[in-house]
$ cat protein_38.cif   # mmCIF, C-alpha atoms
data_target
loop_
_atom_site.label_atom_id
_atom_site.label_comp_id
_atom_site.auth_asym_id
_atom_site.auth_seq_id
_atom_site.Cartn_x
_atom_site.Cartn_y
_atom_site.Cartn_z
CA MET R 1 94.69 78.15 75.15
CA SER R 2 96.00 80.93 72.92
CA ASN R 3 98.94 83.05 73.98
CA ALA R 4 96.59 86.00 74.65
CA PRO R 5 93.32 84.29 75.59
CA TRP R 6 89.78 85.54 75.12
CA PHE R 7 87.06 84.88 77.68
CA GLU R 8 85.85 81.80 75.73
CA ASP R 9 89.32 80.23 76.05
CA PHE R 10 89.16 79.86 79.85
CA SER R 11 88.04 76.85 81.86
CA VAL R 12 87.81 76.61 85.62
CA GLY R 13 90.92 74.86 86.92
CA ASP R 14 93.26 76.14 84.17
CA ASP R 15 96.84 76.42 85.46
CA LEU R 16 98.53 79.44 83.90
CA SER R 17 101.86 79.30 85.67
CA GLN R 18 104.50 79.20 82.94
CA VAL R 19 106.05 82.53 83.92
CA PRO R 20 109.55 83.62 84.91
CA SER R 21 110.55 83.67 88.55
CA VAL R 22 111.88 87.04 89.71
CA THR R 23 114.78 87.66 92.11
CA LEU R 24 114.26 90.93 93.97
CA THR R 25 117.45 92.97 93.67
CA ASP R 26 118.62 96.39 94.80
CA GLY R 27 117.85 97.52 91.24
CA TYR R 28 114.19 96.56 91.51
CA ALA R 29 113.98 98.33 94.86
CA ALA R 30 115.65 101.49 93.51
CA VAL R 31 113.40 101.76 90.45
CA HIS R 32 110.26 101.18 92.54
CA GLN R 33 111.44 103.79 95.05
CA ALA R 34 112.05 106.30 92.26
CA MET R 35 108.50 105.81 91.00
CA PHE R 36 106.71 106.26 94.34
CA ALA R 37 109.08 108.03 96.78
CA ASP R 38 107.74 105.63 99.40
CA ARG R 39 108.83 106.62 102.93
CA TYR R 40 108.24 103.10 104.27
CA ARG R 41 111.33 103.05 106.47
CA PRO R 42 112.19 99.33 106.76
CA ALA R 43 112.68 99.12 102.97
CA ILE R 44 115.07 102.10 102.74
CA ASP R 45 116.92 102.04 106.09
CA ALA R 46 119.06 98.89 106.35
CA PRO R 47 120.13 99.31 110.02
CA LEU R 48 116.50 99.93 111.05
CA SER R 49 115.34 96.94 109.01
CA ALA R 50 117.91 94.74 110.79
CA ARG R 51 116.90 95.98 114.24
CA LEU R 52 113.23 95.51 113.45
CA THR R 53 113.39 92.06 111.86
CA ARG R 54 116.55 90.72 113.54
CA ASP R 55 117.66 89.77 110.02
CA ASN R 56 120.54 91.52 108.21
CA ARG R 57 118.76 91.38 104.86
CA LEU R 58 116.87 94.51 103.80
CA LEU R 59 113.09 94.18 103.77
CA ALA R 60 111.42 94.49 100.38
CA ASN R 61 108.69 97.07 100.06
CA PRO R 62 105.34 95.22 100.22
CA SER R 63 104.04 97.22 97.24
CA LEU R 64 106.98 96.01 95.16
CA VAL R 65 106.26 92.41 96.17
CA CYS R 66 102.59 92.74 95.24
CA ASN R 67 103.40 94.34 91.89
CA ILE R 68 105.76 91.50 90.99
CA ALA R 69 103.17 88.89 91.97
CA ILE R 70 100.38 90.64 90.06
CA GLY R 71 102.58 91.12 87.00
CA ALA R 72 103.34 87.40 86.97
CA SER R 73 99.60 86.66 86.93
CA THR R 74 98.87 88.60 83.73
CA VAL R 75 99.43 85.88 81.12
CA PRO R 76 95.66 85.19 81.14
CA THR R 77 94.76 88.87 81.20
CA GLN R 78 96.72 90.31 78.29
CA ARG R 79 93.44 91.44 76.71
CA VAL R 80 92.03 92.76 79.98
CA LEU R 81 89.53 95.62 79.85
CA GLY R 82 90.23 96.39 83.51
CA ASN R 83 90.90 94.63 86.79
CA LEU R 84 87.84 94.94 88.99
CA PHE R 85 89.02 93.89 92.42
CA TYR R 86 91.41 91.99 94.68
CA ARG R 87 90.32 89.82 97.60
CA GLY R 88 91.95 88.24 100.62
CA LEU R 89 95.58 89.20 99.97
CA ARG R 90 97.70 88.19 102.96
CA PHE R 91 101.45 88.26 103.51
CA HIS R 92 102.19 84.82 104.94
CA ARG R 93 105.80 85.81 105.60
CA PRO R 94 108.06 88.81 104.99
CA VAL R 95 110.08 89.19 101.79
CA PHE R 96 113.66 90.43 101.68
CA ILE R 97 115.90 91.78 98.93
CA GLY R 98 117.58 88.71 97.43
CA ASP R 99 114.49 86.50 97.66
CA THR R 100 113.23 84.88 94.46
CA LEU R 101 109.48 84.92 93.87
CA THR R 102 107.60 82.35 91.79
CA THR R 103 103.89 82.81 91.08
CA GLN R 104 101.23 80.28 90.16
CA THR R 105 97.92 81.46 88.67
CA LYS R 106 94.79 79.32 88.39
CA VAL R 107 91.30 80.03 87.08
CA LEU R 108 88.88 79.75 90.00
CA ALA R 109 85.59 81.04 88.55
CA LEU R 110 84.07 82.40 85.33
CA ARG R 111 81.07 84.71 85.02
CA GLN R 112 79.93 86.33 81.79
CA ASN R 113 78.62 89.87 82.05
CA THR R 114 74.95 90.48 81.32
CA ILE R 115 74.34 90.53 77.58
CA LYS R 116 73.07 93.94 76.45
CA PRO R 117 72.28 95.21 72.94
CA GLY R 118 75.12 97.23 71.48
CA ARG R 119 77.69 96.05 74.03
CA ALA R 120 80.34 93.51 73.07
CA ALA R 121 80.32 90.37 75.19
CA SER R 122 82.82 90.04 78.02
CA GLY R 123 83.25 88.16 81.26
CA MET R 124 84.87 88.17 84.67
CA VAL R 125 87.70 85.72 85.37
CA GLY R 126 88.31 84.82 89.02
CA LEU R 127 92.02 84.08 89.45
CA GLU R 128 93.78 82.49 92.42
CA ILE R 129 97.35 83.74 92.75
CA HIS R 130 99.91 81.93 94.88
CA THR R 131 103.44 83.31 95.25
CA VAL R 132 106.27 81.39 96.94
CA ASN R 133 109.89 82.22 97.73
CA GLN R 134 113.01 80.26 96.76
CA LYS R 135 112.40 77.84 99.64
CA GLY R 136 108.91 77.01 98.37
CA GLU R 137 107.35 78.91 101.29
CA THR R 138 104.10 80.76 100.66
CA VAL R 139 104.56 84.53 100.55
CA LEU R 140 101.18 85.61 99.14
CA LEU R 141 97.89 83.89 98.41
CA PHE R 142 95.07 86.02 97.02
CA TRP R 143 92.42 86.43 94.36
CA ARG R 144 91.82 89.00 91.67
CA CYS R 145 89.05 89.49 89.12
CA PRO R 146 89.83 90.93 85.68
CA MET R 147 87.26 91.59 82.97
CA VAL R 148 88.21 90.00 79.64
CA PRO R 149 86.49 90.45 76.24
CA CYS R 150 84.95 87.59 74.29
CA ARG R 151 86.33 86.65 70.88
CA ASP R 152 82.75 86.63 69.57
CA SER R 153 81.14 89.97 70.42
CA ASP R 154 77.75 88.19 70.56
CA ALA R 155 78.95 85.20 72.58
CA ASN R 156 76.77 83.56 75.19
CA THR R 157 79.10 81.26 77.10
CA GLY R 158 76.70 80.37 79.89
CA HIS R 159 79.38 80.93 82.52
CA ALA R 160 77.68 82.11 85.71
CA ASP R 161 79.93 81.11 88.61
CA ASP R 162 79.51 82.68 92.03
CA LEU R 163 82.40 85.13 92.50
CA SER R 164 82.01 85.00 96.29
CA VAL R 165 84.39 82.03 96.16
CA MET R 166 86.96 84.84 96.35
CA PRO R 167 86.29 85.95 99.94
CA GLU R 168 87.17 89.36 101.37
CA VAL R 169 86.97 88.00 104.92
CA ILE R 170 90.28 87.09 106.55
CA SER R 171 89.92 85.52 109.98
CA LYS R 172 91.59 87.14 112.96
CA LYS R 173 93.48 83.88 113.44
CA ASP R 174 94.99 84.15 109.96
CA VAL R 175 95.74 87.85 110.38
CA PHE R 176 97.54 87.23 113.67
CA ALA R 177 99.45 84.33 112.08
CA SER R 178 100.89 86.80 109.56
CA ILE R 179 102.38 89.09 112.23
CA PRO R 180 106.12 88.37 112.60
CA ASP R 181 107.91 88.26 115.93
CA TRP R 182 109.76 91.53 115.36
CA ASN R 183 111.11 94.26 117.62
CA TYR R 184 108.45 96.89 116.92
CA SER R 185 109.77 99.19 119.65
CA VAL R 186 112.59 100.42 117.34
CA LEU R 187 110.09 102.29 115.16
CA PRO R 188 109.38 106.02 115.60
CA VAL R 189 106.59 107.23 117.85
CA GLU R 190 103.58 108.51 115.90
CA ALA R 191 102.92 112.24 115.76
CA ILE R 192 99.25 111.50 114.95
CA ASP R 193 97.06 109.39 117.20
CA PHE R 194 95.47 106.67 115.09
CA ASN R 195 92.26 106.02 117.00
CA PRO R 196 89.14 104.21 115.75
CA GLY R 197 86.77 106.58 114.00
CA GLU R 198 89.41 109.08 112.91
CA VAL R 199 89.47 110.24 109.29
CA ILE R 200 92.76 111.63 107.96
CA ASP R 201 93.13 113.43 104.63
CA VAL R 202 96.68 113.22 103.28
CA GLU R 203 97.42 116.74 102.06
CA ALA R 204 100.32 115.88 99.74
CA ARG R 205 98.95 114.54 96.45
CA ASP R 206 100.74 112.67 93.66
CA THR R 207 100.59 112.99 89.89
CA VAL R 208 100.61 109.67 88.04
CA THR R 209 103.74 109.38 85.90
CA MET R 210 105.90 106.49 84.68
CA ALA R 211 102.86 104.21 84.55
CA PRO R 212 104.11 102.06 81.62
CA GLU R 213 107.51 101.77 83.29
CA LEU R 214 106.01 100.01 86.32
CA VAL R 215 104.09 97.72 83.96
CA ARG R 216 107.29 96.75 82.16
CA MET R 217 109.33 96.37 85.35
CA SER R 218 106.75 94.00 86.86
CA LEU R 219 106.46 91.98 83.62
CA ASN R 220 102.79 92.91 83.40
CA MET R 221 101.45 91.77 80.01
CA ALA R 222 98.14 93.64 79.96
CA MET R 223 98.14 95.46 76.63
CA THR R 224 95.77 98.25 77.72
CA HIS R 225 98.51 99.65 79.97
CA THR R 226 101.07 100.19 77.20
CA ASP R 227 99.11 100.43 73.93
CA VAL R 228 96.42 103.11 73.58
CA SER R 229 94.84 101.20 70.68
CA ARG R 230 94.04 98.31 73.07
CA SER R 231 92.27 100.51 75.61
CA VAL R 232 88.50 101.01 75.70
CA TYR R 233 89.11 104.55 76.97
CA ASP R 234 91.06 105.92 73.95
CA LYS R 235 94.05 106.42 76.23
CA ARG R 236 96.28 104.07 78.19
CA LEU R 237 94.66 102.68 81.32
CA VAL R 238 96.96 102.95 84.35
CA TYR R 239 97.69 99.57 85.96
CA GLY R 240 95.77 99.30 89.25
CA GLY R 241 98.86 98.40 91.24
CA HIS R 242 100.23 101.84 90.41
CA THR R 243 97.27 103.49 92.15
CA ILE R 244 97.59 101.15 95.14
CA SER R 245 101.32 101.82 95.42
CA MET R 246 100.68 105.57 95.46
CA ALA R 247 98.09 105.12 98.21
CA ALA R 248 100.60 103.03 100.21
CA SER R 249 103.23 105.74 99.77
CA GLN R 250 100.80 108.40 100.98
CA LEU R 251 99.96 106.23 104.00
CA ALA R 252 103.66 105.92 104.90
CA ARG R 253 104.02 109.71 104.92
CA ILE R 254 101.68 110.05 107.86
CA LEU R 255 102.47 106.73 109.53
CA PRO R 256 106.24 106.72 110.17
CA SER R 257 106.01 103.72 112.50
CA LEU R 258 104.63 101.52 109.70
CA ALA R 259 106.25 98.11 110.13
CA MET R 260 104.42 96.11 107.48
CA ILE R 261 101.22 95.74 105.49
CA VAL R 262 99.70 92.56 106.88
CA CYS R 263 96.82 92.02 104.47
CA TRP R 264 94.31 93.48 102.03
CA TYR R 265 90.79 92.44 102.95
CA LYS R 266 89.53 93.90 99.70
CA CYS R 267 90.68 96.35 97.09
CA ASP R 268 88.18 97.56 94.49
CA HIS R 269 88.99 99.67 91.43
CA VAL R 270 85.80 101.71 91.33
CA ALA R 271 86.84 103.97 88.42
CA PRO R 272 89.71 104.07 85.91
CA VAL R 273 92.95 106.02 86.43
CA PHE R 274 94.94 107.68 83.65
CA GLU R 275 98.42 109.15 83.37
CA GLU R 276 98.64 112.72 84.72
CA ASP R 277 95.74 112.14 87.14
CA ILE R 278 96.45 113.69 90.55
CA LEU R 279 95.71 111.21 93.33
CA SER R 280 94.87 111.88 96.98
CA SER R 281 94.03 109.59 99.89
CA ARG R 282 91.48 109.73 102.69
CA ILE R 283 92.28 107.27 105.48
CA HIS R 284 89.61 105.91 107.83
CA VAL R 285 90.82 104.23 111.04
CA LYS R 286 88.50 101.29 111.69
CA GLU R 287 90.08 99.28 114.50
CA VAL R 288 93.24 99.29 116.64
CA ASN R 289 94.62 96.35 118.64
CA ASP R 290 97.76 96.11 120.73
CA VAL R 291 99.44 92.86 119.69
CA ALA R 292 102.93 91.32 119.53
CA GLY R 293 104.57 94.43 120.99
CA GLY R 294 103.10 96.73 118.35
CA ARG R 295 99.72 97.84 117.05
CA LEU R 296 97.54 96.14 114.46
CA ILE R 297 95.48 98.85 112.73
CA LYS R 298 92.61 98.14 110.35
CA LEU R 299 92.18 100.90 107.76
CA ALA R 300 89.92 101.84 104.89
CA ILE R 301 91.57 104.08 102.30
CA ASP R 302 89.63 105.94 99.62
CA VAL R 303 91.68 107.30 96.73
CA PHE R 304 90.38 110.19 94.63
CA ALA R 305 91.55 111.48 91.26
CA GLU R 306 91.57 114.95 89.78
CA ARG R 307 91.98 115.16 86.01
CA VAL R 308 91.66 117.49 83.06
CA ASP R 309 88.90 116.23 80.77
CA THR R 310 88.81 116.34 76.98
CA SER R 311 87.16 119.76 76.97
CA GLY R 312 89.93 121.25 79.10
CA GLY R 313 87.85 121.38 82.26
CA THR R 314 88.91 119.83 85.55
CA GLN R 315 87.12 116.87 87.12
CA SER R 316 87.71 116.54 90.86
CA ASN R 317 86.99 114.02 93.61
CA ILE R 318 86.62 111.04 91.29
CA ARG R 319 86.70 108.06 93.67
CA VAL R 320 88.96 105.49 92.02
CA LEU R 321 89.95 103.06 94.79
CA ASP R 322 88.33 101.40 97.82
CA TRP R 323 91.12 99.68 99.75
CA GLN R 324 90.57 97.92 103.08
CA LEU R 325 93.68 96.62 104.78
CA ALA R 326 95.48 95.93 108.05
CA VAL R 327 98.94 97.17 109.00
CA MET R 328 101.36 96.67 111.86
CA THR R 329 103.02 99.69 113.48
CA GLY R 330 105.22 100.39 116.44
CA PRO R 331 103.68 100.68 119.93
CA LYS R 332 101.83 103.85 120.90
#

$ encode --input "protein_38.cif" --output "C-alpha cells"
Amino acid sequence: MSNAPWFEDFSVGDDLSQVPSVTLTDGYAAVHQAMFADRYRPAIDAPLSARLTRDNRLLANPSLVCNIAIGASTVPTQRVLGNLFYRGLRFHRPVFIGDTLTTQTKVLALRQNTIKPGRAASGMVGLEIHTVNQKGETVLLFWRCPMVPCRDSDANTGHADDLSVMPEVISKKDVFASIPDWNYSVLPVEAIDFNPGEVIDVEARDTVTMAPELVRMSLNMAMTHTDVSRSVYDKRLVYGGHTISMAASQLARILPSLAMIVCWYKCDHVAPVFEEDILSSRIHVKEVNDVAGGRLIKLAIDVFAERVDTSGGTQSNIRVLDWQLAVMTGPK
C-alpha cells in the first residue's frame, strides 16, 4: 500500500497500525484547553478529579483522548474527501494525564460510491479503531467511515460491503460496564433539570479557529485539513473532531456535574464545517437513569453553523452534526 493510499489500494483486513504512541502530558491538555475553553471540571480541577475518581492523577478530557485516537487512525485517510460518520465509540476505561495511548486501525469494509457521469470515482472505507493504554488495556474501540477518492477517476472496483457491520447500537450491558465506580456525589448540583423530552439551546456560540493546530497536535494526516489545494471545497475542511469538541465544550457549560462521556452511539457529519463558522448546539434529553450513585443521561446533540458565503451573505442554521451519546453526571 502506498504511503497515502487511494481507494483501490485498500483490502478488507488491512492492518494500518504503524503509528507513534502518544503520552498525554500537561502540555497536550493545556493546548486542547486553549482551543476549546472546555469547562469539563474533572480535567481542569485536580482536587475534584481526585475526589471523584479516588485516583491522584488528573483525568484527561475525553475529547482530547478521542482526537488523539482519531489522529492516529489517519494514515489510511490522508487523501480523505470527508469523514462521514463514527459508530459505537465507547470508553472502556478512563484515561489520565500520563497515560500512553497506542492505536491500531484495520480496514473492516469497503463500498464504492455509485458511479455517476461527471463525478470522479470514490469509495467509503470502514475502519475499526482500537486504542489501548500503556498496560495494553482497551481504552476505546470504535468505527469510522471516511470517503476516499479513487486513483482512476473512472474506476469500478466492485466493492459493495455492507457498512452496517459498524453498528450504532451499544447494549445497556456494555454501557453500564463502562461506568466507573466513582464518587459522583462530589460533583455540583445541576441548575437545570435534565428530564426526558427537554430540548436545551446553548446560547453561547463558538467561532471555529485554530483548526489546523488541532490537526497537527493530534498527528492527523488528512491533507484536506491543512492544504486548501487538497480540499474539494476550495477552502480547508475543518477536521470533524474539532466540531465534536466544540459541541462537548458547549455541553459542559450547561452541565456542570458532567463526570464523563460514556459513549457515542453515533456521530454523523451531515455537512462540512469551515474555519470562521459560528457553531451552536441544541441538546435533546432522550433518557435518564439513576445508576452507580449518579445519573446516566442519553442525549442527542444537533450542531448548527452560521457562515458568510462567497457573495458576502450569511447562511444560518446549517445542520452540520448529529451526535448521539451517553454521559454520566452527579446525582440529582

$ closest_residue --input "protein_38.cif" --among "R:Ser249, R:Asn3, R:Ser21, R:Ser311" --to "Ala204 (chain R)" --atoms "only C-alpha atoms"
R:Ser249

$ residues_around --input "protein_38.cif" --residues "Glu168 (chain R)" --least-positions-apart "4" --cutoff "7 Å" --atoms "only C-alpha atoms" --output "list in words"
Arg87, Gly88, Tyr265 and Lys266 of chain R

$ atom_distance --input "protein_38.cif" --atom1 "CA of Asp9 (chain R)" --atom2 "CA of Ser164 (chain R)"
22.0 Å

$ residues_around --input "protein_38.cif" --residues "Phe10 (chain R)" --least-positions-apart "2" --cutoff "9 Å" --atoms "all atoms listed in the file" --output "list in words"
Met1, Pro5, Trp6, Phe7, Glu8, Val12, Gly13, Asp14, Pro76, Val107, Leu110 and Val125 of chain R

$ resolve_selection --input "protein_38.cif" --expression "the PyMOL selection byres ((chain R and resi 142) around 12)" --output "ChimeraX atom specification"
/R:66,69-70,73,85-92,103-106,108,126-131,138-141,143-145,165-170,263-267

$ write_last_selection --input "protein_38.cif" --atoms "C-alpha atoms" --output "short mmCIF file (atom, residue, chain, number, x, y, z; two decimals), keeping the file's coordinate frame"
data_model
loop_
_atom_site.label_atom_id
_atom_site.label_comp_id
_atom_site.auth_asym_id
_atom_site.auth_seq_id
_atom_site.Cartn_x
_atom_site.Cartn_y
_atom_site.Cartn_z
CA CYS R 66 102.59 92.74 95.24
CA ALA R 69 103.17 88.89 91.97
CA ILE R 70 100.38 90.64 90.06
CA SER R 73 99.60 86.66 86.93
CA PHE R 85 89.02 93.89 92.42
CA TYR R 86 91.41 91.99 94.68
CA ARG R 87 90.32 89.82 97.60
CA GLY R 88 91.95 88.24 100.62
CA LEU R 89 95.58 89.20 99.97
CA ARG R 90 97.70 88.19 102.96
CA PHE R 91 101.45 88.26 103.51
CA HIS R 92 102.19 84.82 104.94
CA THR R 103 103.89 82.81 91.08
CA GLN R 104 101.23 80.28 90.16
CA THR R 105 97.92 81.46 88.67
CA LYS R 106 94.79 79.32 88.39
CA LEU R 108 88.88 79.75 90.00
CA GLY R 126 88.31 84.82 89.02
CA LEU R 127 92.02 84.08 89.45
CA GLU R 128 93.78 82.49 92.42
CA ILE R 129 97.35 83.74 92.75
CA HIS R 130 99.91 81.93 94.88
CA THR R 131 103.44 83.31 95.25
CA THR R 138 104.10 80.76 100.66
CA VAL R 139 104.56 84.53 100.55
CA LEU R 140 101.18 85.61 99.14
CA LEU R 141 97.89 83.89 98.41
CA TRP R 143 92.42 86.43 94.36
CA ARG R 144 91.82 89.00 91.67
CA CYS R 145 89.05 89.49 89.12
CA VAL R 165 84.39 82.03 96.16
CA MET R 166 86.96 84.84 96.35
CA PRO R 167 86.29 85.95 99.94
CA GLU R 168 87.17 89.36 101.37
CA VAL R 169 86.97 88.00 104.92
CA ILE R 170 90.28 87.09 106.55
CA CYS R 263 96.82 92.02 104.47
CA TRP R 264 94.31 93.48 102.03
CA TYR R 265 90.79 92.44 102.95
CA LYS R 266 89.53 93.90 99.70
CA CYS R 267 90.68 96.35 97.09
#

$ atom_distance --input "protein_38.cif" --atom1 "CA of Ser245 (chain R)" --atom2 "CA of Phe36 (chain R)"
7.1 Å

$ resolve_selection --input "protein_38.cif" --expression "the PyMOL selection byres ((chain R and resi 284-287) around 6)" --output "JSON, numbers by chain"
{"R": [196, 197, 198, 199, 283, 288, 297, 298, 299, 300]}

$ closest_residue --input "protein_38.cif" --among "R:His159, R:Lys332, R:Arg93, R:Lys135" --to "Gly123 (chain R)" --atoms "only C-alpha atoms"
R:His159

$ atom_distance --input "protein_38.cif" --atom1 "CA of Gln112 (chain R)" --atom2 "CA of Thr226 (chain R)"
25.7 Å

$ resolve_selection --input "protein_38.cif" --expression "the PyMOL selection byres ((chain R and resi 48) around 12)" --output "PyMOL selection string"
chain R and resi 40-47+49-59+182-188+257+259

$ residues_around --input "protein_38.cif" --residues "Leu279 (chain R)" --least-positions-apart "6" --cutoff "10 Å" --atoms "only C-alpha atoms" --output "MDAnalysis selection string"
chainID R and resid 204:208 243 246:247 250 273 303:307 316:320

$ closest_residue --input "protein_38.cif" --among "R:Arg39, R:His225, R:Arg111, R:His242" --to "His269 (chain R)" --atoms "all atoms listed in the file"
R:His242

$ residues_around --input "protein_38.cif" --residues "Ile261 (chain R)" --least-positions-apart "4" --cutoff "9 Å" --atoms "all atoms listed in the file" --output "ChimeraX atom specification"
/R:62-63,90-91,325-328

$ closest_residue --input "protein_38.cif" --among "R:Asp234, R:Asp174, R:Glu276, R:Glu203" --to "Leu251 (chain R)" --atoms "all atoms listed in the file"
R:Glu203

$ closest_residue --input "protein_38.cif" --among "R:Phe194, R:Phe96, R:Trp323, R:Phe274" --to "Ser231 (chain R)" --atoms "only C-alpha atoms"
R:Phe274

$ axis_aligned_box --input "protein_38.cif" --around "region 16-33 of chain R" --padding-each-side "5 Å" --output "AutoDock Vina command-line options"
--center_x 108.6 --center_y 91.5 --center_z 89.0 --size_x 30.1 --size_y 34.6 --size_z 22.1

$ residues_around --input "protein_38.cif" --residues "Asn67 (chain R)" --least-positions-apart "5" --cutoff "12 Å" --atoms "all atoms listed in the file" --output "mmCIF file with C-alpha atoms, in the frame of the given file"
data_model
loop_
_atom_site.group_PDB
_atom_site.id
_atom_site.type_symbol
_atom_site.label_atom_id
_atom_site.label_comp_id
_atom_site.auth_asym_id
_atom_site.auth_seq_id
_atom_site.Cartn_x
_atom_site.Cartn_y
_atom_site.Cartn_z
ATOM 1 C CA VAL R 22 111.880 87.040 89.710
ATOM 2 C CA LEU R 24 114.260 90.930 93.970
ATOM 3 C CA TYR R 28 114.190 96.560 91.510
ATOM 4 C CA ALA R 29 113.980 98.330 94.860
ATOM 5 C CA HIS R 32 110.260 101.180 92.540
ATOM 6 C CA ALA R 60 111.420 94.490 100.380
ATOM 7 C CA ASN R 61 108.690 97.070 100.060
ATOM 8 C CA PRO R 62 105.340 95.220 100.220
ATOM 9 C CA ALA R 72 103.340 87.400 86.970
ATOM 10 C CA SER R 73 99.600 86.660 86.930
ATOM 11 C CA THR R 74 98.870 88.600 83.730
ATOM 12 C CA LEU R 101 109.480 84.920 93.870
ATOM 13 C CA THR R 103 103.890 82.810 91.080
ATOM 14 C CA THR R 131 103.440 83.310 95.250
ATOM 15 C CA LEU R 140 101.180 85.610 99.140
ATOM 16 C CA LEU R 214 106.010 100.010 86.320
ATOM 17 C CA VAL R 215 104.090 97.720 83.960
ATOM 18 C CA ARG R 216 107.290 96.750 82.160
ATOM 19 C CA MET R 217 109.330 96.370 85.350
ATOM 20 C CA SER R 218 106.750 94.000 86.860
ATOM 21 C CA LEU R 219 106.460 91.980 83.620
ATOM 22 C CA ASN R 220 102.790 92.910 83.400
ATOM 23 C CA TYR R 239 97.690 99.570 85.960
ATOM 24 C CA GLY R 240 95.770 99.300 89.250
ATOM 25 C CA GLY R 241 98.860 98.400 91.240
ATOM 26 C CA HIS R 242 100.230 101.840 90.410
ATOM 27 C CA THR R 243 97.270 103.490 92.150
ATOM 28 C CA ILE R 244 97.590 101.150 95.140
ATOM 29 C CA SER R 245 101.320 101.820 95.420
#

$ closest_residue --input "protein_38.cif" --among "R:Thr209, R:Asn289, R:Gln315, R:Thr329" --to "Met35 (chain R)" --atoms "only C-alpha atoms"
R:Thr209

$ decode --input "protein_38.cif" --residues "region 213-229 of chain R" --atoms "N, CA and C atoms" --output "PDB file, in the first residue's frame"
ATOM      1  N   GLU R 213      -4.289  23.750  13.831  1.00  0.00           N
ATOM      2  CA  GLU R 213      -3.458  23.475  15.011  1.00  0.00           C
ATOM      3  C   GLU R 213      -3.901  22.196  15.725  1.00  0.00           C
ATOM      4  N   LEU R 214      -5.218  21.964  15.814  1.00  0.00           N
ATOM      5  CA  LEU R 214      -5.688  20.709  16.405  1.00  0.00           C
ATOM      6  C   LEU R 214      -5.288  19.522  15.536  1.00  0.00           C
ATOM      7  N   VAL R 215      -5.359  19.703  14.221  1.00  0.00           N
ATOM      8  CA  VAL R 215      -4.952  18.638  13.298  1.00  0.00           C
ATOM      9  C   VAL R 215      -3.490  18.262  13.537  1.00  0.00           C
ATOM     10  N   ARG R 216      -2.640  19.267  13.645  1.00  0.00           N
ATOM     11  CA  ARG R 216      -1.213  18.991  13.841  1.00  0.00           C
ATOM     12  C   ARG R 216      -0.956  18.376  15.214  1.00  0.00           C
ATOM     13  N   MET R 217      -1.613  18.914  16.253  1.00  0.00           N
ATOM     14  CA  MET R 217      -1.392  18.405  17.602  1.00  0.00           C
ATOM     15  C   MET R 217      -1.788  16.935  17.718  1.00  0.00           C
ATOM     16  N   SER R 218      -2.847  16.536  17.013  1.00  0.00           N
ATOM     17  CA  SER R 218      -3.333  15.158  17.119  1.00  0.00           C
ATOM     18  C   SER R 218      -2.700  14.235  16.086  1.00  0.00           C
ATOM     19  N   LEU R 219      -1.709  14.737  15.352  1.00  0.00           N
ATOM     20  CA  LEU R 219      -0.988  13.962  14.334  1.00  0.00           C
ATOM     21  C   LEU R 219      -1.910  13.495  13.215  1.00  0.00           C
ATOM     22  N   ASN R 220      -2.955  14.263  12.965  1.00  0.00           N
ATOM     23  CA  ASN R 220      -3.908  13.937  11.913  1.00  0.00           C
ATOM     24  C   ASN R 220      -3.269  14.222  10.554  1.00  0.00           C
ATOM     25  N   MET R 221      -3.261  13.216   9.666  1.00  0.00           N
ATOM     26  CA  MET R 221      -2.554  13.330   8.394  1.00  0.00           C
ATOM     27  C   MET R 221      -3.452  13.668   7.207  1.00  0.00           C
ATOM     28  N   ALA R 222      -4.727  13.929   7.451  1.00  0.00           N
ATOM     29  CA  ALA R 222      -5.642  14.236   6.353  1.00  0.00           C
ATOM     30  C   ALA R 222      -5.277  15.575   5.727  1.00  0.00           C
ATOM     31  N   MET R 223      -4.915  15.544   4.452  1.00  0.00           N
ATOM     32  CA  MET R 223      -4.370  16.735   3.797  1.00  0.00           C
ATOM     33  C   MET R 223      -5.414  17.827   3.598  1.00  0.00           C
ATOM     34  N   THR R 224      -6.682  17.474   3.489  1.00  0.00           N
ATOM     35  CA  THR R 224      -7.736  18.464   3.261  1.00  0.00           C
ATOM     36  C   THR R 224      -7.887  19.449   4.411  1.00  0.00           C
ATOM     37  N   HIS R 225      -7.350  19.080   5.596  1.00  0.00           N
ATOM     38  CA  HIS R 225      -7.487  19.949   6.764  1.00  0.00           C
ATOM     39  C   HIS R 225      -6.390  21.002   6.869  1.00  0.00           C
ATOM     40  N   THR R 226      -5.321  20.845   6.095  1.00  0.00           N
ATOM     41  CA  THR R 226      -4.192  21.787   6.195  1.00  0.00           C
ATOM     42  C   THR R 226      -3.794  22.404   4.865  1.00  0.00           C
ATOM     43  N   ASP R 227      -4.299  21.848   3.753  1.00  0.00           N
ATOM     44  CA  ASP R 227      -3.862  22.286   2.430  1.00  0.00           C
ATOM     45  C   ASP R 227      -5.104  22.544   1.580  1.00  0.00           C
ATOM     46  N   VAL R 228      -5.382  23.820   1.295  1.00  0.00           N
ATOM     47  CA  VAL R 228      -6.599  24.173   0.558  1.00  0.00           C
ATOM     48  C   VAL R 228      -6.629  23.517  -0.818  1.00  0.00           C
ATOM     49  N   SER R 229      -5.464  23.263  -1.402  1.00  0.00           N
ATOM     50  CA  SER R 229      -5.434  22.669  -2.744  1.00  0.00           C
ATOM     51  C   SER R 229      -5.875  21.211  -2.739  1.00  0.00           C
TER      52      SER R 229
END
